[in-house]
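For reference, target.cif is printed below; it contains mmCIF, C-alpha atoms.
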```cif
data_structure
loop_
_atom_site.label_atom_id
_atom_site.label_comp_id
_atom_site.auth_asym_id
_atom_site.auth_seq_id
_atom_site.Cartn_x
_atom_site.Cartn_y
_atom_site.Cartn_z
CA MET A 1 29.40 -1.59 25.87
CA SER A 2 30.63 0.43 23.01
CA ASP A 3 29.68 4.02 22.57
CA PHE A 4 27.34 4.81 19.68
CA SER A 5 28.04 8.17 18.21
CA PHE A 6 25.75 9.77 15.66
CA TRP A 7 28.09 8.73 12.88
CA VAL A 8 28.19 5.11 13.98
CA ILE A 9 24.38 4.99 13.92
CA LEU A 10 24.19 6.67 10.53
CA SER A 11 26.88 4.53 8.92
CA ASN A 12 25.27 1.32 10.20
CA LEU A 13 21.91 2.41 8.84
CA LEU A 14 23.47 3.25 5.49
CA LEU A 15 25.15 -0.17 5.37
CA ALA A 16 21.76 -1.83 5.93
CA THR A 17 20.26 0.38 3.25
CA ARG A 18 22.22 -1.63 0.69
CA TRP A 19 19.98 -4.60 1.51
CA THR A 20 16.83 -2.54 1.18
CA ILE A 21 18.02 -1.40 -2.24
CA ALA A 22 19.06 -4.92 -3.29
CA LEU A 23 15.75 -6.46 -2.23
CA SER A 24 13.81 -3.66 -3.95
CA LEU A 25 15.69 -4.10 -7.22
CA VAL A 26 15.45 -7.89 -7.26
CA ALA A 27 11.77 -7.91 -6.28
CA PHE A 28 10.88 -5.24 -8.80
CA ALA A 29 12.71 -7.03 -11.62
CA SER A 30 11.30 -10.48 -10.94
CA GLY A 31 7.89 -9.07 -10.12
CA GLY A 32 7.95 -7.25 -13.43
CA LEU A 33 8.78 -10.45 -15.34
CA VAL A 34 6.03 -12.45 -13.63
CA GLY A 35 3.68 -9.52 -14.06
CA LEU A 36 4.36 -9.39 -17.80
CA ALA A 37 3.67 -13.11 -18.18
CA LEU A 38 0.46 -12.68 -16.21
CA LEU A 39 -0.53 -9.71 -18.35
CA PHE A 40 -0.55 -11.98 -21.42
CA ALA A 41 -2.90 -14.31 -19.58
CA ARG A 42 -5.02 -11.48 -18.17
CA VAL A 43 -5.93 -10.01 -21.56
CA SER A 44 -5.88 -13.29 -23.49
CA ARG A 45 -9.68 -13.46 -23.93
CA ILE A 46 -9.48 -17.10 -22.85
CA GLY A 47 -12.10 -17.40 -20.13
CA TRP A 48 -10.45 -19.63 -17.53
CA LEU A 49 -7.04 -18.02 -18.00
CA GLU A 50 -8.40 -14.53 -17.44
CA TRP A 51 -10.45 -15.74 -14.50
CA THR A 52 -7.44 -17.39 -12.84
CA THR A 53 -5.23 -14.31 -13.19
CA LYS A 54 -8.04 -12.15 -11.87
CA ALA A 55 -8.29 -14.36 -8.78
CA TYR A 56 -4.49 -14.20 -8.37
CA VAL A 57 -4.53 -10.41 -8.51
CA GLU A 58 -7.51 -10.24 -6.16
CA PHE A 59 -5.72 -12.40 -3.60
CA PHE A 60 -2.45 -10.48 -3.60
CA GLN A 61 -4.16 -7.08 -3.69
CA GLY A 62 -6.78 -8.05 -1.13
CA THR A 63 -4.54 -9.46 1.62
CA PRO A 64 -1.89 -7.65 3.64
CA LEU A 65 1.67 -7.96 2.34
CA LEU A 66 2.63 -8.96 5.87
CA MET A 67 0.32 -12.02 5.66
CA GLN A 68 1.90 -12.97 2.33
CA LEU A 69 5.36 -12.74 3.88
CA PHE A 70 4.29 -15.00 6.74
CA LEU A 71 2.67 -17.47 4.33
CA PHE A 72 5.82 -17.78 2.25
CA PHE A 73 8.07 -17.88 5.28
CA PHE A 74 6.14 -20.70 6.93
CA GLY A 75 4.58 -22.23 3.81
CA VAL A 76 7.73 -23.02 1.84
CA ALA A 77 9.18 -24.70 4.92
CA LEU A 78 6.36 -27.26 4.74
CA PHE A 79 7.98 -28.65 1.58
CA GLY A 80 11.06 -29.47 3.60
CA ILE A 81 13.02 -26.55 2.17
CA GLU A 82 14.83 -24.38 4.64
CA VAL A 83 13.68 -20.81 4.13
CA SER A 84 15.93 -17.87 4.73
CA PRO A 85 14.23 -14.52 5.37
CA TRP A 86 15.86 -13.33 2.14
CA LEU A 87 14.19 -16.09 0.07
CA ALA A 88 10.78 -15.66 1.70
CA ALA A 89 10.90 -11.89 1.31
CA TRP A 90 11.97 -12.17 -2.31
CA LEU A 91 9.20 -14.65 -3.14
CA ALA A 92 6.44 -12.72 -1.36
CA LEU A 93 7.48 -9.37 -2.81
CA THR A 94 7.74 -10.89 -6.30
CA PHE A 95 4.19 -12.23 -6.18
CA TRP A 96 2.85 -9.07 -4.59
CA THR A 97 4.61 -6.80 -7.11
CA SER A 98 3.52 -8.92 -10.06
CA ALA A 99 -0.14 -8.70 -9.04
CA PHE A 100 -0.07 -4.91 -8.86
CA LEU A 101 1.94 -4.49 -12.06
CA THR A 102 -0.38 -6.84 -13.99
CA GLU A 103 -3.34 -4.75 -12.90
CA ILE A 104 -1.60 -1.46 -13.78
CA TRP A 105 -0.51 -2.76 -17.18
CA ARG A 106 -3.92 -4.25 -17.91
CA GLY A 107 -5.31 -0.74 -17.61
CA CYS A 108 -2.69 0.49 -20.08
CA VAL A 109 -3.46 -2.29 -22.57
CA GLU A 110 -7.17 -1.56 -22.31
CA ALA A 111 -6.48 2.10 -23.06
CA ILE A 112 -5.29 1.10 -26.53
CA PRO A 113 -8.14 1.61 -29.02
CA LYS A 114 -9.95 -1.55 -30.06
CA GLY A 115 -9.27 -0.74 -33.71
CA GLN A 116 -5.59 -1.56 -33.14
CA TRP A 117 -6.45 -5.14 -32.15
CA GLU A 118 -8.84 -5.43 -35.09
CA ALA A 119 -6.30 -4.07 -37.55
CA ALA A 120 -3.69 -6.53 -36.30
CA ASP A 121 -6.30 -9.26 -36.56
CA THR A 122 -7.02 -8.49 -40.20
CA LEU A 123 -3.27 -8.77 -40.88
CA ALA A 124 -3.58 -12.39 -39.73
CA MET A 125 -1.29 -11.81 -36.76
CA SER A 126 -1.40 -14.34 -33.95
CA TYR A 127 -2.27 -13.25 -30.41
CA MET A 128 1.41 -13.17 -29.43
CA GLN A 129 2.33 -11.14 -32.52
CA GLN A 130 -0.51 -8.71 -31.86
CA MET A 131 0.69 -8.21 -28.30
CA TRP A 132 4.41 -7.87 -29.09
CA HIS A 133 4.26 -5.80 -32.25
CA VAL A 134 1.10 -3.74 -31.94
CA ILE A 135 -0.30 -3.47 -28.44
CA LEU A 136 2.66 -3.55 -26.04
CA PRO A 137 4.82 -0.93 -27.81
CA GLN A 138 1.91 1.50 -27.53
CA ALA A 139 0.89 0.47 -24.04
CA PHE A 140 4.52 0.75 -22.91
CA ARG A 141 4.42 4.52 -23.31
CA ILE A 142 1.41 4.99 -21.06
CA ALA A 143 2.69 2.37 -18.63
CA ILE A 144 5.97 4.05 -17.72
CA PRO A 145 4.76 6.76 -15.28
CA PRO A 146 2.51 4.50 -13.14
CA THR A 147 5.16 1.76 -13.17
CA VAL A 148 7.84 4.12 -11.87
CA GLY A 149 5.28 5.36 -9.34
CA PHE A 150 4.66 1.82 -8.15
CA SER A 151 8.37 1.23 -7.58
CA VAL A 152 7.99 3.53 -4.56
CA GLN A 153 5.49 1.06 -3.12
CA VAL A 154 8.00 -1.76 -3.64
CA VAL A 155 10.76 0.08 -1.75
CA LYS A 156 8.34 0.79 1.09
CA GLY A 157 7.08 -2.79 0.94
CA THR A 158 10.56 -4.17 1.61
CA ALA A 159 10.37 -2.58 5.06
CA LEU A 160 7.98 -5.37 6.08
CA ALA A 161 10.64 -7.99 5.37
CA SER A 162 12.26 -6.79 8.59
CA ILE A 163 9.44 -8.49 10.50
CA ILE A 164 10.47 -11.96 9.31
CA GLY A 165 14.08 -11.21 10.21
CA PHE A 166 15.55 -9.76 7.05
CA VAL A 167 18.17 -7.23 8.11
CA ASP A 168 17.21 -4.23 6.02
CA LEU A 169 17.06 -0.55 6.91
CA THR A 170 14.02 -0.95 9.19
CA LYS A 171 15.49 -3.95 11.00
CA ALA A 172 18.80 -2.15 11.45
CA GLY A 173 16.83 0.75 12.91
CA THR A 174 15.13 -1.54 15.42
CA MET A 175 18.45 -3.14 16.39
CA LEU A 176 20.21 0.19 16.78
CA ASN A 177 17.31 1.50 18.82
CA ASN A 178 17.60 -1.49 21.15
CA ALA A 179 21.30 -0.84 21.58
CA THR A 180 21.27 2.95 21.91
CA PHE A 181 17.82 3.78 23.37
CA ARG A 182 17.63 6.79 21.12
CA PRO A 183 14.42 5.97 19.20
CA PHE A 184 13.66 9.53 18.14
CA LEU A 185 17.01 9.94 16.44
CA VAL A 186 17.19 6.43 14.99
CA TYR A 187 13.70 6.38 13.48
CA SER A 188 14.09 9.93 12.19
CA LEU A 189 17.20 8.83 10.33
CA VAL A 190 15.50 5.67 9.06
CA ALA A 191 12.59 7.73 7.75
CA LEU A 192 14.98 10.22 6.20
CA ILE A 193 16.88 7.50 4.32
CA TYR A 194 13.64 5.96 3.02
CA PHE A 195 12.58 9.42 1.95
CA ALA A 196 15.87 9.91 0.12
CA LEU A 197 15.26 6.64 -1.73
CA CYS A 198 11.59 7.15 -2.54
CA PHE A 199 11.20 10.86 -3.15
CA PRO A 200 13.34 10.96 -6.33
CA LEU A 201 11.29 8.06 -7.71
CA SER A 202 8.00 9.82 -6.87
CA TRP A 203 9.26 13.04 -8.36
CA PHE A 204 10.45 11.27 -11.51
CA ALA A 205 7.10 9.47 -11.89
CA HIS A 206 5.26 12.75 -11.53
CA ARG A 207 7.48 14.42 -14.12
CA LEU A 208 7.04 11.53 -16.56
CA GLU A 209 3.30 11.80 -16.13
CA ARG A 210 3.45 15.44 -17.17
CA THR A 211 5.73 14.88 -20.16
CA PHE A 212 3.62 12.06 -21.50
CA ASN A 213 0.41 14.01 -20.99
CA VAL A 214 1.76 16.96 -22.93
CA ALA A 215 3.07 14.77 -25.73
CA ARG A 216 -0.25 13.06 -26.27
CA MET B 1 4.71 -32.85 0.32
CA THR B 2 4.19 -35.11 3.30
CA TYR B 3 2.84 -32.39 5.56
CA LYS B 4 -0.87 -32.52 6.35
CA LEU B 5 -2.74 -29.35 7.12
CA HIS B 6 -4.48 -29.27 10.49
CA PHE B 7 -7.12 -26.58 10.43
CA ALA B 8 -8.99 -28.16 13.34
CA ASP B 9 -6.25 -26.97 15.69
CA LEU B 10 -7.50 -23.42 15.15
CA LEU B 11 -11.00 -24.07 16.45
CA PRO B 12 -10.23 -23.52 20.16
CA TYR B 13 -8.98 -20.04 19.29
CA TRP B 14 -11.94 -18.81 17.26
CA ASP B 15 -12.83 -16.19 19.89
CA LEU B 16 -9.36 -14.65 19.64
CA LEU B 17 -9.69 -14.39 15.87
CA LEU B 18 -13.10 -12.77 16.24
CA LYS B 19 -11.75 -10.29 18.79
CA GLY B 20 -8.86 -9.42 16.46
CA LEU B 21 -11.20 -9.05 13.51
CA VAL B 22 -13.46 -6.66 15.43
CA PHE B 23 -10.42 -4.66 16.55
CA THR B 24 -9.16 -4.36 12.97
CA ILE B 25 -12.60 -3.23 11.80
CA LEU B 26 -12.90 -0.62 14.57
CA LEU B 27 -9.36 0.59 13.91
CA THR B 28 -10.21 1.01 10.23
CA ILE B 29 -13.47 2.85 10.88
CA VAL B 30 -11.96 5.30 13.37
CA SER B 31 -8.91 6.09 11.26
CA THR B 32 -11.01 6.33 8.09
CA VAL B 33 -13.22 9.02 9.63
CA ALA B 34 -10.31 10.88 11.25
CA GLY B 35 -8.02 10.46 8.22
CA THR B 36 -10.64 11.71 5.77
CA ALA B 37 -11.33 14.71 8.01
CA LEU B 38 -7.61 15.44 8.15
CA GLY B 39 -7.39 15.03 4.39
CA THR B 40 -10.28 17.45 3.87
CA LEU B 41 -8.52 20.02 6.03
CA GLY B 42 -5.24 19.40 4.22
CA ALA B 43 -6.80 19.68 0.77
CA SER B 44 -8.66 22.88 1.69
CA ALA B 45 -5.46 24.32 3.15
CA ARG B 46 -3.51 23.46 0.01
CA THR B 47 -6.08 24.94 -2.37
CA PHE B 48 -7.43 27.95 -0.49
CA GLY B 49 -4.87 28.63 2.23
CA PRO B 50 -1.90 30.98 2.16
CA ARG B 51 1.23 29.84 0.40
CA TRP B 52 3.20 28.88 3.55
CA LEU B 53 0.34 26.59 4.62
CA ASP B 54 0.26 25.00 1.16
CA ARG B 55 4.01 24.35 1.36
CA LEU B 56 3.77 22.94 4.87
CA THR B 57 0.91 20.60 3.97
CA GLY B 58 2.77 19.60 0.81
CA ALA B 59 5.82 18.65 2.88
CA TYR B 60 3.65 16.57 5.22
CA VAL B 61 2.11 14.74 2.26
CA GLU B 62 5.47 13.98 0.65
CA VAL B 63 7.10 12.78 3.88
CA ILE B 64 4.26 10.37 4.60
CA ARG B 65 3.91 9.10 1.03
CA ASN B 66 7.62 8.44 0.68
CA THR B 67 8.28 6.53 3.91
CA PRO B 68 7.01 3.07 4.91
CA PHE B 69 4.00 2.88 7.20
CA ILE B 70 5.89 0.66 9.64
CA VAL B 71 8.55 3.36 10.12
CA GLN B 72 5.84 5.96 10.74
CA LEU B 73 4.29 3.62 13.29
CA PHE B 74 7.62 2.98 15.03
CA PHE B 75 8.40 6.67 15.05
CA ILE B 76 5.08 7.46 16.72
CA PHE B 77 5.19 4.56 19.18
CA PHE B 78 8.90 4.49 20.07
CA GLY B 79 10.16 7.88 18.95
CA LEU B 80 7.53 10.26 20.33
CA PRO B 81 7.80 9.05 23.97
CA ALA B 82 11.44 10.14 23.86
CA ALA B 83 10.11 13.61 23.04
CA GLY B 84 7.73 13.43 25.99
CA ILE B 85 4.57 12.25 24.21
CA LYS B 86 3.55 8.84 25.56
CA LEU B 87 0.91 6.85 23.73
CA ASN B 88 -0.50 3.38 24.32
CA GLU B 89 -0.38 0.93 21.42
CA THR B 90 -4.01 1.44 20.33
CA THR B 91 -3.71 5.23 20.29
CA ALA B 92 -0.40 5.00 18.45
CA ALA B 93 -1.98 2.66 15.86
CA VAL B 94 -4.97 4.95 15.31
CA LEU B 95 -2.72 8.00 15.12
CA ALA B 96 -0.33 6.38 12.62
CA MET B 97 -3.17 5.20 10.39
CA THR B 98 -4.90 8.59 10.58
CA VAL B 99 -1.76 10.50 9.72
CA ASN B 100 -1.07 8.06 6.86
CA LEU B 101 -4.56 8.20 5.35
CA GLY B 102 -4.61 11.96 5.95
CA ALA B 103 -1.65 12.46 3.62
CA TYR B 104 -3.01 10.29 0.83
CA SER B 105 -6.54 11.68 1.09
CA THR B 106 -5.20 15.24 1.07
CA GLU B 107 -3.88 14.62 -2.44
CA ILE B 108 -6.98 12.68 -3.53
CA ILE B 109 -9.41 15.33 -2.28
CA ARG B 110 -7.26 18.12 -3.67
CA ALA B 111 -7.58 16.59 -7.13
CA GLY B 112 -11.36 16.57 -6.64
CA ILE B 113 -11.41 20.21 -5.57
CA GLN B 114 -9.38 21.24 -8.60
CA ALA B 115 -11.89 19.48 -10.84
CA VAL B 116 -14.71 21.73 -9.61
CA PRO B 117 -15.32 24.44 -12.25
CA LYS B 118 -14.44 27.95 -11.11
CA GLY B 119 -17.81 29.20 -12.29
CA HIS B 120 -19.51 27.16 -9.59
CA ILE B 121 -17.50 28.91 -6.88
CA GLU B 122 -18.30 32.30 -8.40
CA ALA B 123 -21.97 31.32 -8.70
CA GLY B 124 -21.96 30.44 -5.00
CA ALA B 125 -20.35 33.76 -4.12
CA SER B 126 -22.90 35.65 -6.22
CA LEU B 127 -25.66 33.98 -4.19
CA ALA B 128 -24.16 35.72 -1.14
CA MET B 129 -22.90 32.46 0.31
CA SER B 130 -20.02 32.83 2.74
CA ARG B 131 -16.65 31.33 1.85
CA LEU B 132 -17.26 28.45 4.23
CA GLN B 133 -20.71 27.81 2.77
CA VAL B 134 -19.27 27.74 -0.74
CA LEU B 135 -16.56 25.35 0.41
CA ARG B 136 -19.00 23.00 2.07
CA HIS B 137 -22.01 23.05 -0.25
CA VAL B 138 -20.44 23.75 -3.61
CA VAL B 139 -16.80 22.64 -3.63
CA LEU B 140 -16.43 19.74 -1.22
CA LYS B 141 -19.72 18.08 -2.10
CA GLN B 142 -18.80 17.84 -5.76
CA ALA B 143 -15.16 17.04 -5.02
CA PHE B 144 -16.07 14.09 -2.80
CA GLU B 145 -18.48 12.70 -5.35
CA LYS B 146 -15.73 12.72 -7.97
CA ILE B 147 -12.96 11.20 -5.89
CA TYR B 148 -15.04 8.77 -3.86
CA PRO B 149 -13.83 5.65 -5.74
CA ALA B 150 -10.17 6.63 -5.31
CA LEU B 151 -10.71 7.38 -1.64
CA SER B 152 -12.42 4.01 -1.20
CA SER B 153 -9.43 2.11 -2.61
CA GLN B 154 -7.10 4.06 -0.34
CA ILE B 155 -9.22 3.11 2.67
CA VAL B 156 -8.92 -0.57 1.73
CA ILE B 157 -5.14 -0.15 1.37
CA VAL B 158 -4.94 1.42 4.83
CA MET B 159 -7.07 -1.40 6.26
CA LEU B 160 -4.68 -4.00 4.82
CA GLY B 161 -1.69 -1.98 5.97
CA SER B 162 -3.06 -2.03 9.51
CA ALA B 163 -1.75 -5.62 9.82
CA VAL B 164 1.54 -3.98 10.77
CA VAL B 165 0.18 -2.52 14.02
CA SER B 166 0.54 -6.03 15.49
CA GLN B 167 4.25 -5.20 15.65
CA ILE B 168 3.68 -2.71 18.47
CA SER B 169 1.33 -5.28 20.08
CA ALA B 170 -1.92 -3.56 19.22
CA GLU B 171 -4.29 -6.53 19.43
CA ASP B 172 -5.57 -6.69 15.87
CA LEU B 173 -6.26 -9.67 13.62
CA THR B 174 -2.58 -10.25 12.82
CA TYR B 175 -1.70 -10.06 16.49
CA ALA B 176 -4.27 -12.83 17.12
CA ALA B 177 -2.68 -14.88 14.33
CA ASN B 178 0.81 -14.45 15.80
CA PHE B 179 -0.46 -15.39 19.24
CA ILE B 180 -2.27 -18.51 18.03
CA GLN B 181 0.66 -19.80 16.01
CA SER B 182 2.92 -19.36 19.02
CA ARG B 183 0.55 -21.61 20.97
CA ASN B 184 -0.30 -24.41 18.53
CA PHE B 185 2.65 -24.16 16.09
CA ARG B 186 0.27 -24.33 13.10
CA ALA B 187 1.71 -21.20 11.55
CA PHE B 188 0.80 -21.87 7.93
CA GLU B 189 -2.80 -22.82 8.72
CA VAL B 190 -3.32 -19.77 10.93
CA TYR B 191 -1.89 -17.32 8.43
CA LEU B 192 -3.84 -18.91 5.58
CA VAL B 193 -7.12 -18.54 7.47
CA VAL B 194 -6.29 -15.00 8.55
CA ALA B 195 -5.27 -14.05 5.01
CA GLY B 196 -8.70 -15.34 3.94
CA LEU B 197 -10.34 -13.21 6.62
CA TYR B 198 -8.48 -10.11 5.39
CA LEU B 199 -9.54 -10.89 1.82
CA LEU B 200 -13.15 -11.17 2.97
CA LEU B 201 -12.78 -7.93 4.92
CA ALA B 202 -11.38 -6.17 1.84
CA ILE B 203 -14.30 -7.36 -0.29
CA VAL B 204 -16.88 -6.41 2.36
CA THR B 205 -15.24 -3.01 2.94
CA ARG B 206 -15.33 -2.24 -0.78
CA ALA B 207 -19.00 -3.27 -1.01
CA ALA B 208 -19.92 -1.28 2.11
CA LEU B 209 -18.16 1.84 0.82
CA ARG B 210 -19.95 1.48 -2.52
CA GLY B 211 -23.27 1.21 -0.67
CA ILE B 212 -22.51 4.27 1.46
CA GLY B 213 -21.50 6.18 -1.65
CA ARG B 214 -24.76 5.32 -3.36
CA LEU B 215 -26.73 6.54 -0.33
CA VAL B 216 -24.79 9.77 0.16
CA PHE B 217 -24.43 10.90 -3.43
CA ARG B 218 -27.96 10.06 -4.53
CA GLY B 219 -28.95 13.54 -5.61
CA PRO B 220 -32.10 14.72 -7.37
CA GLY B 221 -32.43 13.89 -11.03
CA ARG B 222 -30.41 10.73 -10.89
#
```

As a first step, turn the structure in this file into structure tokens.
Amino acid sequence: MSDFSFWVILSNLLLATRWTIALSLVAFASGGLVGLALLFARVSRIGWLEWTTKAYVEFFQGTPLLMQLFLFFFGVALFGIEVSPWLAAWLALTFWTSAFLTEIWRGCVEAIPKGQWEAADTLAMSYMQQMWHVILPQAFRIAIPPTVGFSVQVVKGTALASIIGFVDLTKAGTMLNNATFRPFLVYSLVALIYFALCFPLSWFAHRLERTFNVAR
Amino acid sequence: MTYKLHFADLLPYWDLLLKGLVFTILLTIVSTVAGTALGTLGASARTFGPRWLDRLTGAYVEVIRNTPFIVQLFFIFFGLPAAGIKLNETTAAVLAMTVNLGAYSTEIIRAGIQAVPKGHIEAGASLAMSRLQVLRHVVLKQAFEKIYPALSSQIVIVMLGSAVVSQISAEDLTYAANFIQSRNFRAFEVYLVVAGLYLLLAIVTRAALRGIGRLVFRGPGR
């Protein structure tokens, strides 16, 4: 048995942190793309399209992320595709993130005065043109602070991927704890690293909120 | 897809699912009450307490809000025994959920307190009400009415987050799902049904909280 010094534990945790960061970035990016596509459907004023997106959002906001991870992990395998924890975690987090971002951004779009839509309408713009050129550029401004704020939830959400076997910071913590029997130290360090990742994001979101409020 | 879903294989285990569901509901109720109480204390401390208490509570809020719930749970369940505090899995689950909701509700309730006009506090004081009476009858009552919707959503989030307590073998709904799929190997079916149950629970919780809110905040002239 090798001896685990404090520095061995810390450096192993930091190595695993790379995977937490990678999964967070990938999930946030793809979730954002899917969320944007869904946003177009959510505010399209086409009955069935809005209804379907609403149901989608309701499902992913109304069930535990852990259940979604399990469903993707075991569900994709039913199609005869071998699922790695990385793929299942990426898929589940993408869907989960997209649902929340669609809902956040819908609020931002709805905050844009109705007159803007009507003005764009009188200029004979199509729905896509209205969204791209009139609504989204304005909604974008209000959307930044809550979107940055939600990124904290994504980073924390990746911790659940450890349960399906993805070796991220949390999983590394569990493994190191099993090897060293020093749970207090290991989980303190794990928490500290998560804090170091999330707190700057929270702080930045809070600051953005203030700047944008003053500017308005 | 050639796979056929076999939901009938779940039927022999319905009592386990029910037991898990009841456990999740109880867990949510207990930690909602305790967490909101903790949040009320925290918010009062941050607004009316001395500066060191405000700082301390602020640090607690930031630490909890910026770390994953599962790490908090593991810290309480695995980490605290090393410091001499031993907890069984149910107590650890309740404690983790309470501490988690406590941090979020501290910030939510604090926002409500700050929205109460200063004149109301002064009016209370001029009626010879004690500080505690002003806090209870003037400040907190109005604050809770304002932030009730936000608090309700946070309670639903904590309820959904409680799925994680299965990882320290607290016997909640997810624990039941894990157990059943280890017996009948119908993982997808089990998790689909249980996800449906959670969805139902989220909808019912929201409706129940709305109903409670209507009862509690039904004041005169409304």

**Message:** Can you spell out as an MDAnalysis selection string the set of residues that the PyMOL selection byres ((chain B and resi 19-29) around 7) selects in the structure I just provided?
**Reply:** chainID B and resid 15:18 30:33 94 159 171:173 176

**Asked** Closest to chain B among A:Leu101, A:Leu23, A:Met67, A:Ala143, using only C-alpha atoms?
**Response** A:Met67

**Message:** Taking the file as I've supplied it (selection: the PyMOL selection byres ((chain A) within 7 of (chain B))), which residues are included? Please answer as a ChimeraX atom specification.
**Reply:** /A:59,62-64,66-67,70-71,74-75,78-79,156,159,183-184,187,191,194-195,198-199

Could the residues in this selection be written to a file with C-alpha atoms, as a PDB file, in the frame of the given file?
```pdb
ATOM      1  CA  PHE A  59      -5.720 -12.400  -3.600  1.00  0.00           C
ATOM      2  CA  GLY A  62      -6.780  -8.050  -1.130  1.00  0.00           C
ATOM      3  CA  THR A  63      -4.540  -9.460   1.620  1.00  0.00           C
ATOM      4  CA  PRO A  64      -1.890  -7.650   3.640  1.00  0.00           C
ATOM      5  CA  LEU A  66       2.630  -8.960   5.870  1.00  0.00           C
ATOM      6  CA  MET A  67       0.320 -12.020   5.660  1.00  0.00           C
ATOM      7  CA  PHE A  70       4.290 -15.000   6.740  1.00  0.00           C
ATOM      8  CA  LEU A  71       2.670 -17.470   4.330  1.00  0.00           C
ATOM      9  CA  PHE A  74       6.140 -20.700   6.930  1.00  0.00           C
ATOM     10  CA  GLY A  75       4.580 -22.230   3.810  1.00  0.00           C
ATOM     11  CA  LEU A  78       6.360 -27.260   4.740  1.00  0.00           C
ATOM     12  CA  PHE A  79       7.980 -28.650   1.580  1.00  0.00           C
ATOM     13  CA  LYS A 156       8.340   0.790   1.090  1.00  0.00           C
ATOM     14  CA  ALA A 159      10.370  -2.580   5.060  1.00  0.00           C
ATOM     15  CA  PRO A 183      14.420   5.970  19.200  1.00  0.00           C
ATOM     16  CA  PHE A 184      13.660   9.530  18.140  1.00  0.00           C
ATOM     17  CA  TYR A 187      13.700   6.380  13.480  1.00  0.00           C
ATOM     18  CA  ALA A 191      12.590   7.730   7.750  1.00  0.00           C
ATOM     19  CA  TYR A 194      13.640   5.960   3.020  1.00  0.00           C
ATOM     20  CA  PHE A 195      12.580   9.420   1.950  1.00  0.00           C
ATOM     21  CA  CYS A 198      11.590   7.150  -2.540  1.00  0.00           C
ATOM     22  CA  PHE A 199      11.200  10.860  -3.150  1.00  0.00           C
TER      23      PHE A 199
END
```

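In this structure, CA of Arg106 (chain A) sits 6.4 Å away from CA of Leu39 (chain A).
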
Residues within 8 Å of Glu107 (chain B), all atoms listed in the file, excluding chain neighbours under 3 positions, as a compact mmCIF listing (two decimals) with C-alpha atoms, in the coordinates of the input:
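Heads up, here's the output in out-v8.txt:
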```txt
# COMPACT_ATOMS: atom_id res chain seq x y z
CA GLY B 39 -7.39 15.03 4.39
CA ALA B 43 -6.80 19.68 0.77
CA VAL B 61 2.11 14.74 2.26
CA ALA B 103 -1.65 12.46 3.62
CA TYR B 104 -3.01 10.29 0.83
CA ARG B 110 -7.26 18.12 -3.67
CA ALA B 111 -7.58 16.59 -7.13
```

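As for CA of Ala8 (chain B) and CA of Leu69 (chain A), they are spaced 23.1 Å apart.
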
**Request:** Given the file shown, enumerate the residues that the PyMOL selection byres ((chain A and resi 186) around 12) captures and present them as a PyMOL selection string.
**Result:** (chain A and resi 4-14+169-185+187-193) or (chain B and resi 71+74-75+78-80+82)
